[in-house]
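Pasting protein10.pdb here (PDB, C-alpha atoms):
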```pdb
MODEL        1
ATOM      1  CA  SER V 229       7.053  -5.649 -31.940  1.00  0.00           C
ATOM      2  CA  VAL V 230       4.057  -6.436 -29.756  1.00  0.00           C
ATOM      3  CA  TYR V 231       0.627  -7.656 -30.895  1.00  0.00           C
ATOM      4  CA  ASN V 232      -2.592  -7.588 -28.858  1.00  0.00           C
ATOM      5  CA  LEU V 233      -0.696  -7.446 -25.592  1.00  0.00           C
ATOM      6  CA  MET V 234      -3.165  -7.407 -22.711  1.00  0.00           C
ATOM      7  CA  ALA V 235      -2.944  -7.921 -18.960  1.00  0.00           C
ATOM      8  CA  ARG V 236      -6.108  -8.422 -16.929  1.00  0.00           C
ATOM      9  CA  PHE V 237      -6.189  -8.161 -13.169  1.00  0.00           C
ATOM     10  CA  LYS V 238      -8.686  -8.962 -10.433  1.00  0.00           C
ATOM     11  CA  SER V 239      -9.343  -7.668  -6.900  1.00  0.00           C
ATOM     12  CA  LEU V 240      -6.574  -5.074  -6.740  1.00  0.00           C
ATOM     13  CA  ARG V 241      -6.715  -2.049  -4.449  1.00  0.00           C
ATOM     14  CA  ALA V 242      -5.206   1.289  -5.517  1.00  0.00           C
ATOM     15  CA  GLU V 243      -4.941   3.996  -2.883  1.00  0.00           C
ATOM     16  CA  ILE V 244      -5.265   7.490  -4.375  1.00  0.00           C
ATOM     17  CA  GLU V 245      -4.064  10.248  -2.050  1.00  0.00           C
ATOM     18  CA  CYS V 246      -4.069  14.023  -2.147  1.00  0.00           C
ATOM     19  CA  HIS V 247      -1.037  15.925  -0.883  1.00  0.00           C
ATOM     20  CA  GLY V 248      -0.530  19.642  -1.308  1.00  0.00           C
ATOM     21  CA  GLY V 249      -2.715  19.931  -4.395  1.00  0.00           C
ATOM     22  CA  TRP V 250      -1.203  16.853  -6.043  1.00  0.00           C
ATOM     23  CA  PHE V 251      -2.629  13.378  -6.609  1.00  0.00           C
ATOM     24  CA  TYR V 252      -0.449  10.482  -5.477  1.00  0.00           C
ATOM     25  CA  LEU V 253      -0.714   6.732  -5.872  1.00  0.00           C
ATOM     26  CA  GLY V 254      -0.064   5.748  -2.287  1.00  0.00           C
ATOM     27  CA  GLY V 255       0.274   2.058  -3.017  1.00  0.00           C
ATOM     28  CA  VAL V 256      -1.286  -0.944  -4.719  1.00  0.00           C
ATOM     29  CA  GLY V 257      -2.418  -4.068  -2.906  1.00  0.00           C
ATOM     30  CA  GLN V 258      -4.932  -6.824  -3.352  1.00  0.00           C
ATOM     31  CA  ASP V 259      -8.335  -7.398  -1.772  1.00  0.00           C
ATOM     32  CA  ALA V 260      -9.842  -5.082   0.836  1.00  0.00           C
ATOM     33  CA  GLU V 261      -6.924  -5.682   3.208  1.00  0.00           C
ATOM     34  CA  GLY V 262      -4.351  -4.354   0.739  1.00  0.00           C
ATOM     35  CA  THR V 263      -2.040  -7.349   1.094  1.00  0.00           C
ATOM     36  CA  PRO V 264       1.024  -7.502  -1.205  1.00  0.00           C
ATOM     37  CA  VAL V 265       0.290  -8.051  -4.887  1.00  0.00           C
ATOM     38  CA  THR V 266       0.936 -11.564  -6.207  1.00  0.00           C
ATOM     39  CA  PRO V 267       1.382 -12.699  -9.850  1.00  0.00           C
ATOM     40  CA  GLU V 268      -1.711 -14.924  -9.622  1.00  0.00           C
ATOM     41  CA  ARG V 269      -3.889 -11.796  -9.803  1.00  0.00           C
ATOM     42  CA  PHE V 270      -2.825 -11.153 -13.419  1.00  0.00           C
ATOM     43  CA  VAL V 271      -3.639 -12.926 -16.655  1.00  0.00           C
ATOM     44  CA  ALA V 272      -1.525 -11.888 -19.658  1.00  0.00           C
ATOM     45  CA  SER V 273      -2.084 -12.576 -23.335  1.00  0.00           C
ATOM     46  CA  GLY V 274      -0.683 -11.432 -26.652  1.00  0.00           C
ATOM     47  CA  GLU V 275       2.427 -11.919 -28.729  1.00  0.00           C
ATOM     48  CA  VAL V 276       5.944 -10.502 -28.686  1.00  0.00           C
ATOM     49  CA  ASN V 277       7.879 -10.667 -31.942  1.00  0.00           C
ATOM     50  CA  VAL V 278      11.658 -10.073 -32.025  1.00  0.00           C
ATOM     51  CA  GLN V 279      13.351  -9.747 -35.403  1.00  0.00           C
ATOM     52  CA  CYS V 280      16.805  -8.934 -36.752  1.00  0.00           C
ATOM     53  CA  GLU V 281      17.582  -6.422 -39.445  1.00  0.00           C
ATOM     54  CA  SER V 282      19.682  -9.022 -41.198  1.00  0.00           C
ATOM     55  CA  SER V 283      18.146 -12.488 -41.170  1.00  0.00           C
ATOM     56  CA  TRP V 284      21.193 -14.293 -42.636  1.00  0.00           C
ATOM     57  CA  SER V 285      23.284 -14.567 -39.472  1.00  0.00           C
ATOM     58  CA  ALA V 286      23.224 -17.757 -37.414  1.00  0.00           C
ATOM     59  CA  PHE V 287      21.886 -15.882 -34.386  1.00  0.00           C
ATOM     60  CA  CYS V 288      19.012 -14.346 -36.357  1.00  0.00           C
ATOM     61  CA  MET V 289      18.103 -17.673 -37.897  1.00  0.00           C
ATOM     62  CA  ALA V 290      18.035 -19.266 -34.436  1.00  0.00           C
ATOM     63  CA  LEU V 291      15.960 -16.353 -33.175  1.00  0.00           C
ATOM     64  CA  GLU V 292      13.497 -16.835 -36.016  1.00  0.00           C
ATOM     65  CA  LEU V 293      13.123 -20.516 -35.172  1.00  0.00           C
ATOM     66  CA  GLY V 294      12.622 -19.850 -31.460  1.00  0.00           C
ATOM     67  CA  ASN V 295      10.474 -16.746 -31.793  1.00  0.00           C
ATOM     68  CA  LYS V 296       7.253 -18.478 -30.716  1.00  0.00           C
ATOM     69  CA  HIS V 297       8.910 -19.983 -27.626  1.00  0.00           C
ATOM     70  CA  LEU V 298      10.498 -16.632 -26.723  1.00  0.00           C
ATOM     71  CA  SER V 299       7.133 -14.875 -27.058  1.00  0.00           C
ATOM     72  CA  ASP V 300       5.419 -17.431 -24.817  1.00  0.00           C
ATOM     73  CA  GLU V 301       8.096 -17.050 -22.145  1.00  0.00           C
ATOM     74  CA  VAL V 302       7.833 -13.249 -22.150  1.00  0.00           C
ATOM     75  CA  ILE V 303       4.028 -13.396 -21.808  1.00  0.00           C
ATOM     76  CA  LYS V 304       4.422 -15.954 -19.015  1.00  0.00           C
ATOM     77  CA  LEU V 305       6.762 -13.605 -17.115  1.00  0.00           C
ATOM     78  CA  LEU V 306       4.506 -10.565 -17.486  1.00  0.00           C
ATOM     79  CA  PRO V 307       2.382 -11.278 -14.342  1.00  0.00           C
ATOM     80  CA  LYS V 308       5.545 -11.462 -12.228  1.00  0.00           C
ATOM     81  CA  ILE V 309       6.846  -8.225 -13.733  1.00  0.00           C
ATOM     82  CA  LEU V 310       3.561  -6.424 -13.078  1.00  0.00           C
ATOM     83  CA  ALA V 311       3.303  -7.763  -9.532  1.00  0.00           C
ATOM     84  CA  GLY V 312       6.843  -6.648  -8.758  1.00  0.00           C
ATOM     85  CA  TRP V 313       6.333  -3.206 -10.270  1.00  0.00           C
ATOM     86  CA  LEU V 314       2.932  -2.434  -8.751  1.00  0.00           C
ATOM     87  CA  GLY V 315       3.926  -3.966  -5.423  1.00  0.00           C
ATOM     88  CA  GLY V 316       6.819  -1.529  -5.216  1.00  0.00           C
ATOM     89  CA  VAL V 317       4.765   1.608  -5.879  1.00  0.00           C
ATOM     90  CA  SER V 318       4.881   3.986  -2.913  1.00  0.00           C
ATOM     91  CA  GLN V 319       3.791   7.636  -2.967  1.00  0.00           C
ATOM     92  CA  LEU V 320       4.032   7.872  -6.758  1.00  0.00           C
ATOM     93  CA  MET V 321       3.245  11.423  -7.904  1.00  0.00           C
ATOM     94  CA  LEU V 322       0.500  11.305 -10.548  1.00  0.00           C
ATOM     95  CA  GLY V 323      -0.168  14.953 -11.306  1.00  0.00           C
ATOM     96  CA  ALA V 324      -1.541  18.252 -10.116  1.00  0.00           C
ATOM     97  CA  GLY V 325      -5.169  19.283  -9.720  1.00  0.00           C
ATOM     98  CA  CYS V 326      -6.249  17.893  -6.361  1.00  0.00           C
ATOM     99  CA  PRO V 327      -8.575  20.534  -4.825  1.00  0.00           C
ATOM    100  CA  GLY V 328      -7.898  21.949  -1.387  1.00  0.00           C
ATOM    101  CA  ALA V 329     -11.122  20.445  -0.060  1.00  0.00           C
ATOM    102  CA  LEU V 330      -9.549  16.992  -0.413  1.00  0.00           C
ATOM    103  CA  HIS V 331      -6.683  17.707   1.967  1.00  0.00           C
ATOM    104  CA  ASN V 332      -6.251  14.829   4.393  1.00  0.00           C
ATOM    105  CA  THR V 333      -7.978  15.617   7.682  1.00  0.00           C
ATOM    106  CA  LEU V 334      -8.133  13.220  10.599  1.00  0.00           C
ATOM    107  CA  SER V 335      -9.068  13.025  14.251  1.00  0.00           C
ATOM    108  CA  VAL V 336      -6.595  11.816  16.843  1.00  0.00           C
ATOM    109  CA  MET V 337      -7.907   9.312  19.349  1.00  0.00           C
ATOM    110  CA  PRO V 338      -7.531   9.776  23.105  1.00  0.00           C
ATOM    111  CA  TYR V 339      -5.717   7.100  25.151  1.00  0.00           C
ATOM    112  CA  ARG V 340      -5.513   6.728  28.913  1.00  0.00           C
ATOM    113  CA  GLU V 341      -1.810   5.822  28.781  1.00  0.00           C
ATOM    114  CA  LYS V 342       0.945   7.524  26.780  1.00  0.00           C
ATOM    115  CA  GLU V 343       2.562   4.152  26.085  1.00  0.00           C
ATOM    116  CA  CYS V 344      -0.645   2.847  24.496  1.00  0.00           C
ATOM    117  CA  CYS V 345      -1.011   5.989  22.391  1.00  0.00           C
ATOM    118  CA  GLU V 346       2.514   5.571  21.014  1.00  0.00           C
ATOM    119  CA  GLY V 347       2.215   1.795  20.622  1.00  0.00           C
ATOM    120  CA  SER V 348       2.097  -0.047  17.308  1.00  0.00           C
ATOM    121  CA  PHE V 349      -1.100  -0.097  15.296  1.00  0.00           C
ATOM    122  CA  SER V 350      -3.032  -3.324  15.783  1.00  0.00           C
ATOM    123  CA  THR V 351      -6.565  -4.630  15.332  1.00  0.00           C
ATOM    124  CA  ASP V 352      -8.345  -7.644  16.752  1.00  0.00           C
ATOM    125  CA  ARG V 353     -10.107 -10.385  14.772  1.00  0.00           C
ATOM    126  CA  TRP V 354     -13.175  -8.145  14.353  1.00  0.00           C
ATOM    127  CA  GLY V 355     -11.180  -5.205  12.997  1.00  0.00           C
ATOM    128  CA  CYS V 356     -11.386  -3.125  16.177  1.00  0.00           C
ATOM    129  CA  LEU V 357      -8.365  -1.005  17.107  1.00  0.00           C
ATOM    130  CA  VAL V 358      -6.467  -2.500  20.042  1.00  0.00           C
ATOM    131  CA  GLY V 359      -3.114  -0.756  19.565  1.00  0.00           C
ATOM    132  CA  GLY V 360      -1.769   2.687  18.821  1.00  0.00           C
ATOM    133  CA  GLN V 361      -3.246   4.822  16.052  1.00  0.00           C
ATOM    134  CA  PHE V 362      -0.213   5.605  13.869  1.00  0.00           C
ATOM    135  CA  ASN V 363       3.062   3.866  14.741  1.00  0.00           C
ATOM    136  CA  GLY V 364       3.788   0.456  13.249  1.00  0.00           C
ATOM    137  CA  TRP V 365       3.478  -1.075   9.790  1.00  0.00           C
ATOM    138  CA  HIS V 366       1.947   1.273   7.215  1.00  0.00           C
ATOM    139  CA  ARG V 367       0.012  -0.488   4.439  1.00  0.00           C
ATOM    140  CA  SER V 368       0.507   2.175   1.758  1.00  0.00           C
ATOM    141  CA  LEU V 369       4.090   3.154   2.549  1.00  0.00           C
ATOM    142  CA  ARG V 370       5.096  -0.516   2.848  1.00  0.00           C
ATOM    143  CA  GLN V 371       7.314   0.335   5.797  1.00  0.00           C
ATOM    144  CA  GLU V 372       7.213   0.755   9.549  1.00  0.00           C
ATOM    145  CA  VAL V 373       6.255   4.177  10.887  1.00  0.00           C
ATOM    146  CA  LYS V 374       8.170   5.317  13.948  1.00  0.00           C
ATOM    147  CA  GLY V 375       8.452   8.543  15.876  1.00  0.00           C
ATOM    148  CA  VAL V 376       4.792   9.538  16.270  1.00  0.00           C
ATOM    149  CA  SER V 377       4.670  11.058  19.741  1.00  0.00           C
ATOM    150  CA  CYS V 378       1.724  11.790  22.008  1.00  0.00           C
ATOM    151  CA  GLU V 379       0.902  14.748  24.232  1.00  0.00           C
ATOM    152  CA  PRO V 380      -1.801  15.481  26.820  1.00  0.00           C
ATOM    153  CA  SER V 381      -5.142  15.596  25.042  1.00  0.00           C
ATOM    154  CA  LYS V 382      -6.740  19.011  24.627  1.00  0.00           C
ATOM    155  CA  THR V 383     -10.219  17.537  24.389  1.00  0.00           C
ATOM    156  CA  ASP V 384     -10.158  14.687  26.931  1.00  0.00           C
ATOM    157  CA  PRO V 385      -8.653  15.460  30.364  1.00  0.00           C
ATOM    158  CA  HIS V 386      -6.211  12.890  31.745  1.00  0.00           C
ATOM    159  CA  HIS V 387      -5.796  11.327  28.301  1.00  0.00           C
ATOM    160  CA  TRP V 388      -3.094  11.354  25.621  1.00  0.00           C
ATOM    161  CA  SER V 389      -3.382  11.888  21.873  1.00  0.00           C
ATOM    162  CA  ALA V 390      -0.961  12.013  18.939  1.00  0.00           C
ATOM    163  CA  LYS V 391       0.825  15.270  18.195  1.00  0.00           C
ATOM    164  CA  CYS V 392      -0.125  16.459  14.691  1.00  0.00           C
ATOM    165  CA  SER V 393       3.369  17.672  13.817  1.00  0.00           C
ATOM    166  CA  SER V 394       4.822  14.192  14.445  1.00  0.00           C
ATOM    167  CA  LEU V 395       2.513  12.355  12.019  1.00  0.00           C
ATOM    168  CA  PRO V 396       3.957  10.984   8.753  1.00  0.00           C
ATOM    169  CA  GLY V 397       3.649  13.711   6.135  1.00  0.00           C
ATOM    170  CA  THR V 398       3.163  17.399   6.873  1.00  0.00           C
ATOM    171  CA  TYR V 399       0.313  17.981   9.308  1.00  0.00           C
ATOM    172  CA  THR V 400      -0.749  20.862  11.526  1.00  0.00           C
ATOM    173  CA  GLU V 401      -3.440  21.157  14.156  1.00  0.00           C
ATOM    174  CA  LEU V 402      -6.658  22.478  12.615  1.00  0.00           C
ATOM    175  CA  THR V 403      -8.671  22.427  15.841  1.00  0.00           C
ATOM    176  CA  PRO V 404      -8.029  20.583  19.128  1.00  0.00           C
ATOM    177  CA  GLY V 405      -8.060  16.887  18.323  1.00  0.00           C
ATOM    178  CA  VAL V 406      -8.065  17.367  14.528  1.00  0.00           C
ATOM    179  CA  CYS V 407      -5.004  17.315  12.243  1.00  0.00           C
ATOM    180  CA  ARG V 408      -4.998  18.672   8.690  1.00  0.00           C
ATOM    181  CA  GLU V 409      -2.442  18.300   5.957  1.00  0.00           C
ATOM    182  CA  ALA V 410      -0.424  21.461   5.424  1.00  0.00           C
ATOM    183  CA  ASP V 411      -1.220  23.644   2.415  1.00  0.00           C
ATOM    184  CA  HIS V 412       2.363  23.749   1.184  1.00  0.00           C
ATOM    185  CA  MET V 413       4.444  20.655   0.621  1.00  0.00           C
ATOM    186  CA  PRO V 414       7.841  20.215  -1.072  1.00  0.00           C
ATOM    187  CA  VAL V 415       6.609  18.935  -4.446  1.00  0.00           C
ATOM    188  CA  GLY V 416       7.749  19.744  -7.964  1.00  0.00           C
ATOM    189  CA  ASN V 417       5.881  20.821 -11.060  1.00  0.00           C
ATOM    190  CA  CYS V 418       4.091  18.724 -13.651  1.00  0.00           C
ATOM    191  CA  SER V 419       6.630  19.154 -16.435  1.00  0.00           C
ATOM    192  CA  GLY V 420       7.265  15.411 -16.471  1.00  0.00           C
ATOM    193  CA  CYS V 421       3.646  14.288 -16.254  1.00  0.00           C
ATOM    194  CA  ASN V 422       2.392  11.819 -18.827  1.00  0.00           C
ATOM    195  CA  ALA V 423       0.376  13.257 -21.703  1.00  0.00           C
ATOM    196  CA  GLY V 424      -2.608  11.195 -20.599  1.00  0.00           C
ATOM    197  CA  TRP V 425      -2.707  12.769 -17.133  1.00  0.00           C
ATOM    198  CA  PRO V 426      -5.363  15.449 -17.970  1.00  0.00           C
ATOM    199  CA  ARG V 427      -7.806  12.705 -18.984  1.00  0.00           C
ATOM    200  CA  THR V 428      -7.024  10.700 -15.849  1.00  0.00           C
ATOM    201  CA  LEU V 429      -7.481  13.824 -13.745  1.00  0.00           C
ATOM    202  CA  ARG V 430     -10.956  14.355 -15.165  1.00  0.00           C
ATOM    203  CA  GLY V 431     -11.817  10.812 -14.149  1.00  0.00           C
ATOM    204  CA  LEU V 432     -10.619  11.385 -10.611  1.00  0.00           C
TER     205      LEU V 432
ENDMDL
END
```
Take the structure in the file and give it back as structure tokens.
Amino acid sequence: SVYNLMARFKSLRAEIECHGGWFYLGGVGQDAEGTPVTPERFVASGEVNVQCESSWSAFCMALELGNKHLSDEVIKLLPKILAGWLGGVSQLMLGAGCPGALHNTLSVMPYREKECCEGSFSTDRWGCLVGGQFNGWHRSLRQEVKGVSCEPSKTDPHHWSAKCSSLPGTYTELTPGVCREADHMPVGNCSGCNAGWPRTLRGL
């Protein structure tokens, strides 16, 4: 049994995304940069009580004597468990109800050279983009994005911009230079959604 179990956290960043009418938890990081979650960001408290049905066995008597120590160790491990679990979240489907107006829409940037357009994402010390727009390490997916290709820009002559159909996810060209998430994506139904999802949806 568990008593007054509580885990507090500080300065975490949850990325809520909308794909094909569904809300997703893209990833969880810490601080504005979204760096990997560490156990130090959690403070756990409470008590875990483990009991046997029959208290006359040697094992159950030993368990009774060490119950306080066992509870303390479990509570001590909880920050590591939470950090490992939340740090591994990637594109977790939360539930349906995301309106069409929240479809991801983005503009593709023009580059003078195709190689620069397809280069890895990078920013300088001031946060200005100095690399490609899409390829490279993706903060939410927690993996490296490859394969985004560029084509002659339709809005800037003699420049290159990313091809919408090659972006991670399912994107189509809305207007020249603008990519929009497709209306239909291969997602399931909400039969396995948690009972608390409707209340969470109202909050979103």
Of the candidates V:Ile244, V:Trp284, V:Thr383, V:Leu334, which one gets nearest to Cys407 of chain V if we count all atoms listed in the file?
-> V:Leu334
Counting all atoms listed in the file, the option among V:His247, V:His297, V:Lys382, V:Lys304 closest to Cys326 of chain V =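 Smallest separation from Cys326 of chain V among the options: V:His247.
Atom CA of Lys374 of chain V lies 25.7 Å from atom CA of Gly312 of chain V.
Here atom CA of Gly325 of chain V stands at a distance of 25.9 Å from atom CA of Gly262 of chain V.
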Picked residues, the PyMOL selection byres ((chain V and resi 317) around 8), expected as a CSV table (one decimal) with C-alpha atoms, keeping the file's coordinate frame:
```csv
chain,number,residue,atom,x,y,z
V,253,LEU,CA,-0.7,6.7,-5.9
V,254,GLY,CA,-0.1,5.7,-2.3
V,255,GLY,CA,0.3,2.1,-3.0
V,256,VAL,CA,-1.3,-0.9,-4.7
V,313,TRP,CA,6.3,-3.2,-10.3
V,314,LEU,CA,2.9,-2.4,-8.8
V,315,GLY,CA,3.9,-4.0,-5.4
V,316,GLY,CA,6.8,-1.5,-5.2
V,318,SER,CA,4.9,4.0,-2.9
V,319,GLN,CA,3.8,7.6,-3.0
V,320,LEU,CA,4.0,7.9,-6.8
```
Pull out every residue that the PyMOL selection byres ((chain V and resi 324) around 7) matches in the shown coordinates and put them as a list in words.
->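 With the PyMOL selection byres ((chain V and resi 324) around 7) on this model, the match is Gly249, Trp250, Phe251, Gly323, Gly325, Cys326 and Cys418 of chain V.
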Which value, in Å to one decimal, gives the distance between atom CA of Pro396 of chain V and atom CA of Leu240 of chain V?
->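 The value is 24.7 Å.
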Counting all atoms listed in the file, what is within 8 Å of Val373 of chain V, bar same-chain residues fewer than 3 positions away, as a PyMOL selection string?
-> chain V and resi 362-366+376+396
Of the candidates V:Asp300, V:Leu322, V:His331, V:Thr263, which shows the shortest atom-to-atom distance to Leu402 of chain V, using only C-alpha atoms?
-> V:His331
May I have the residues within 8 Å of Met234 of chain V as a compact mmCIF listing (two decimals) with C-alpha atoms, in the coordinates of the input, using only C-alpha atoms and disregarding those fewer than 3 positions away in the same chain?
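Once written, out35.txt looks like this:
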```txt
# COMPACT_ATOMS: atom_id res chain seq x y z
CA ALA V 272 -1.52 -11.89 -19.66
CA SER V 273 -2.08 -12.58 -23.34
CA GLY V 274 -0.68 -11.43 -26.65
```
